[in-house]
Amino acid sequence: MSAESNNIKSLEIENEDFRNSVGTMDETGKRKWIFPRKPKGKYTNYRNYTSYVLLALFFGLPFVKINNNPFLLINVIDGRFFIFGQSFYLQDFFILALGAVTSVIFVMLFTVVFGRIFCGWLCPQTLFMEMIFRKIEYWIEGDRNKQMKLDRQEWDTEKIRKRLTKWSVFLLISLAISHFMFMYIVGYEEVFRIMGEGPAENSLKFTAMLFFTMTFYFVFAWLREQVCTLVCPYGRLQGVLIDKQTINVYYDFKRGEGRSKWRNNEDRKAAGKGDCIDCNQCVVVCPTGIDIRNGQQLECVNCTACIDACDEVMDKVGLPRGLVRYATEAEIENQEKFTFTSRMKATTVFLALLIGFLGFLMYDRGSMEAKFIKPAGSTFFIKNGKITNTFIYTLLNKSNDKKVLTIKVIMPAHAEITYFGSEKIILKGDQILKGNINITFPEEDIKFSKQNLVIGVFDEKGKMVDSFETTFEGPFKLVL
């Protein structure tokens, strides 16, 4: 028997039970467990390299600081946020809201042009499931056929040992992921402190961490691909956003149909057969259990495993690669070569501008924020021909540097400021300070019962770092 025949025969043997595990549900609605074959090939290698970088970032960023600030910290509990080392406060919520809107627009436009590349290459669910938990499963239980055999096997010593080992490792990894997730919320110092003190001293935080650990374990040990096929809304959104010009993983039905088994020395074109030899390798490697030959489906996460599997088969039978590939639906239908269209170029430029706009919002916030509010129920008082208003000031230093500040009235002129304390206000980095001041004007300078007032805050070099517009109250005057 020739080497080529052996290759085809091995595909048929490996694929013996594939029909029993296609899709995530059977005809009765009961879940089918997915046993994908271990992928290999060019795109799998690229995804591995990408995952190494992303995992290194995930486990490394909590320890990165910029100007002594965390690179990324989302502390919802205390209302402290750090993004790229820049501090954000509740006062900056509008920036975060605009950033969120910009991100949604970015995702929508990105999906319109580039499909679900995010799902297959960057999504944390896919990253952890396929690049960590699935690889551990292959290491402990073996590839597809061995896993299926183990699943059918009675609960003997081998099955108990392998399953307990896998579940234990899954639990330890889930525990590690939850600890690192907490570092993005409270910081790594706080996590290490909680770990050092133990559960008894931090029962609430320990319970929360245990909850997240069990959630991660449930997702990656049992829910798995159903997060993508049933839970995640992005797949449903994709069905609305994509069109015939969207790049996705497609099966070239014009070239592949009609599909039929491979026969040696057969002229398939003369026999009216397509290039698909119906080996179903694109099915057995799919982590969501779909058949890519049935067209674009919501369950497809564009992981490219089917591309590598099909290319491997095409190499074995001597047919051109690319029967399953990244393409647009229009390209497949018209049998055109893929080109980066004007729409794709324009959208890419617009996406870059969106990222630039988001970066501008984050960095163009100023280093200081000042507010001057009149105390509730307070009013003016007149003494020696002068009108005085009391203001409560709130100064927020958004930088890491200590600032020495003074307060001056910019408009109208001739104001007197009385401090309840030192005239020089010292504000440490990342500090909020409150205090009181009295602002006094000669009575003849106040023409209205409420007059516009602009108060400025100046640093020790005399540069104005922020200003605030409010009103100055005085007696009612009848103007004839």
# chains A, B, ... in the order shown; residues from 1 in each chain; ligands from 1
call {"tool": "residues_around", "arguments": {"residues": "segment 303-306 of chain A", "least_positions_apart": "4", "cutoff": "8 Å", "atoms": "only C-alpha atoms", "output": "list in words"}}
result
Pro39, Lys40, Tyr43, Thr44, Ile117, Cys119, Gly120, Trp121, Val249, Gln281, Cys282, Val283, Val285, Cys286, Ile292, Cys310, Val324 and Arg325 of chain A
call {"tool": "residues_around", "arguments": {"residues": "Leu109 of chain A", "least_positions_apart": "3", "cutoff": "9 Å", "atoms": "only C-alpha atoms", "output": "PyMOL selection string"}}
result
chain A and resi 104-106+112-114+241+347-348+350-351
call {"tool": "write_last_selection", "arguments": {"atoms": "C-alpha atoms", "output": "mmCIF file, in the first residue's frame"}}
result
data_model
loop_
_atom_site.group_PDB
_atom_site.id
_atom_site.type_symbol
_atom_site.label_atom_id
_atom_site.label_comp_id
_atom_site.auth_asym_id
_atom_site.auth_seq_id
_atom_site.Cartn_x
_atom_site.Cartn_y
_atom_site.Cartn_z
ATOM 1 C CA VAL A 104 -18.046 49.807 21.476
ATOM 2 C CA ILE A 105 -17.830 51.715 18.180
ATOM 3 C CA PHE A 106 -14.350 50.285 17.631
ATOM 4 C CA VAL A 112 -17.822 44.660 10.200
ATOM 5 C CA VAL A 113 -14.460 44.449 8.413
ATOM 6 C CA PHE A 114 -12.397 41.798 10.180
ATOM 7 C CA LEU A 241 -22.784 43.232 11.670
ATOM 8 C CA THR A 347 -12.259 51.636 8.228
ATOM 9 C CA THR A 348 -8.764 50.764 9.423
ATOM 10 C CA PHE A 350 -10.932 55.397 11.187
ATOM 11 C CA LEU A 351 -10.235 52.733 13.829
#
call {"tool": "select_by_dssp", "arguments": {"residues": "segment 37-157 of chain A", "states": "strand (DSSP E or B)", "output": "MDAnalysis selection string"}}
result
chainID A and resid 65:66 69:70 72:75 80:83 86:88
call {"tool": "atom_distance", "arguments": {"atom1": "atom CA of Asn389 of chain A", "atom2": "atom CA of Ile439 of chain A"}}
result
5.4 Å
call {"tool": "closest_residue", "arguments": {"among": "A:Ile132, A:Leu237, A:Ile140, A:Val64", "to": "Ile83 of chain A", "atoms": "only C-alpha atoms"}}
result
A:Val64
call {"tool": "residues_around", "arguments": {"residues": "Ile177 of chain A", "least_positions_apart": "2", "cutoff": "10 Å", "atoms": "only C-alpha atoms", "output": "PyMOL selection string"}}
result
chain A and resi 58-59+128+171-175+179-183+212-213+216-217
call {"tool": "residues_around", "arguments": {"residues": "Asp459 of chain A", "least_positions_apart": "3", "cutoff": "12 Å", "atoms": "only C-alpha atoms", "output": "ChimeraX atom specification"}}
result
/A:367-368,397,401-408,424-427,456,462-466
call {"tool": "residues_around", "arguments": {"residues": "Glu469 of chain A", "least_positions_apart": "6", "cutoff": "12 Å", "atoms": "only C-alpha atoms", "output": "PDB file with C-alpha atoms, in the first residue's frame"}}
result
ATOM      1  CA  ALA A 370     -10.624  72.440  41.623  1.00  0.00           C
ATOM      2  CA  LYS A 371     -14.185  73.109  42.747  1.00  0.00           C
ATOM      3  CA  PHE A 372     -15.568  75.968  44.849  1.00  0.00           C
ATOM      4  CA  ILE A 373     -19.054  75.385  46.250  1.00  0.00           C
ATOM      5  CA  VAL A 409     -10.015  85.530  42.022  1.00  0.00           C
ATOM      6  CA  ILE A 410      -9.640  86.124  38.295  1.00  0.00           C
ATOM      7  CA  MET A 411     -12.927  87.955  37.699  1.00  0.00           C
ATOM      8  CA  PRO A 412     -14.063  90.429  38.911  1.00  0.00           C
ATOM      9  CA  GLN A 451     -22.628  87.998  39.985  1.00  0.00           C
ATOM     10  CA  ASN A 452     -20.406  85.707  37.951  1.00  0.00           C
ATOM     11  CA  LEU A 453     -17.171  84.761  39.689  1.00  0.00           C
ATOM     12  CA  VAL A 454     -14.100  83.003  38.303  1.00  0.00           C
ATOM     13  CA  ILE A 455     -11.625  81.541  40.795  1.00  0.00           C
ATOM     14  CA  GLY A 456      -8.212  80.323  39.702  1.00  0.00           C
ATOM     15  CA  VAL A 457      -5.730  77.948  41.302  1.00  0.00           C
TER      16      VAL A 457
END
call {"tool": "closest_residue", "arguments": {"among": "A:Thr379, A:Asn302, A:Thr288, A:Asn436", "to": "Lys32 of chain A", "atoms": "only C-alpha atoms"}}
result
A:Thr288
call {"tool": "residues_around", "arguments": {"residues": "Arg37 of chain A", "least_positions_apart": "4", "cutoff": "12 Å", "atoms": "only C-alpha atoms", "output": "PyMOL selection string"}}
result
chain A and resi 11+14-15+17-18+21+130+134-135+137-138+142-148+280-289+305-306+308-309
call {"tool": "atom_distance", "arguments": {"atom1": "atom CA of Asn67 of chain A", "atom2": "atom CA of Asn400 of chain A"}}
result
7.0 Å
call {"tool": "atom_distance", "arguments": {"atom1": "atom CA of Leu96 of chain A", "atom2": "atom CA of Leu395 of chain A"}}
result
20.6 Å
call {"tool": "residues_around", "arguments": {"residues": "Asn69 of chain A", "least_positions_apart": "6", "cutoff": "8 Å", "atoms": "only C-alpha atoms", "output": "JSON, numbers by chain"}}
result
{"A": [82, 85, 86, 87]}
call {"tool": "closest_residue", "arguments": {"among": "A:Gly187, A:Val101, A:Lys38, A:Thr126", "to": "Trp139 of chain A", "atoms": "only C-alpha atoms"}}
result
A:Lys38
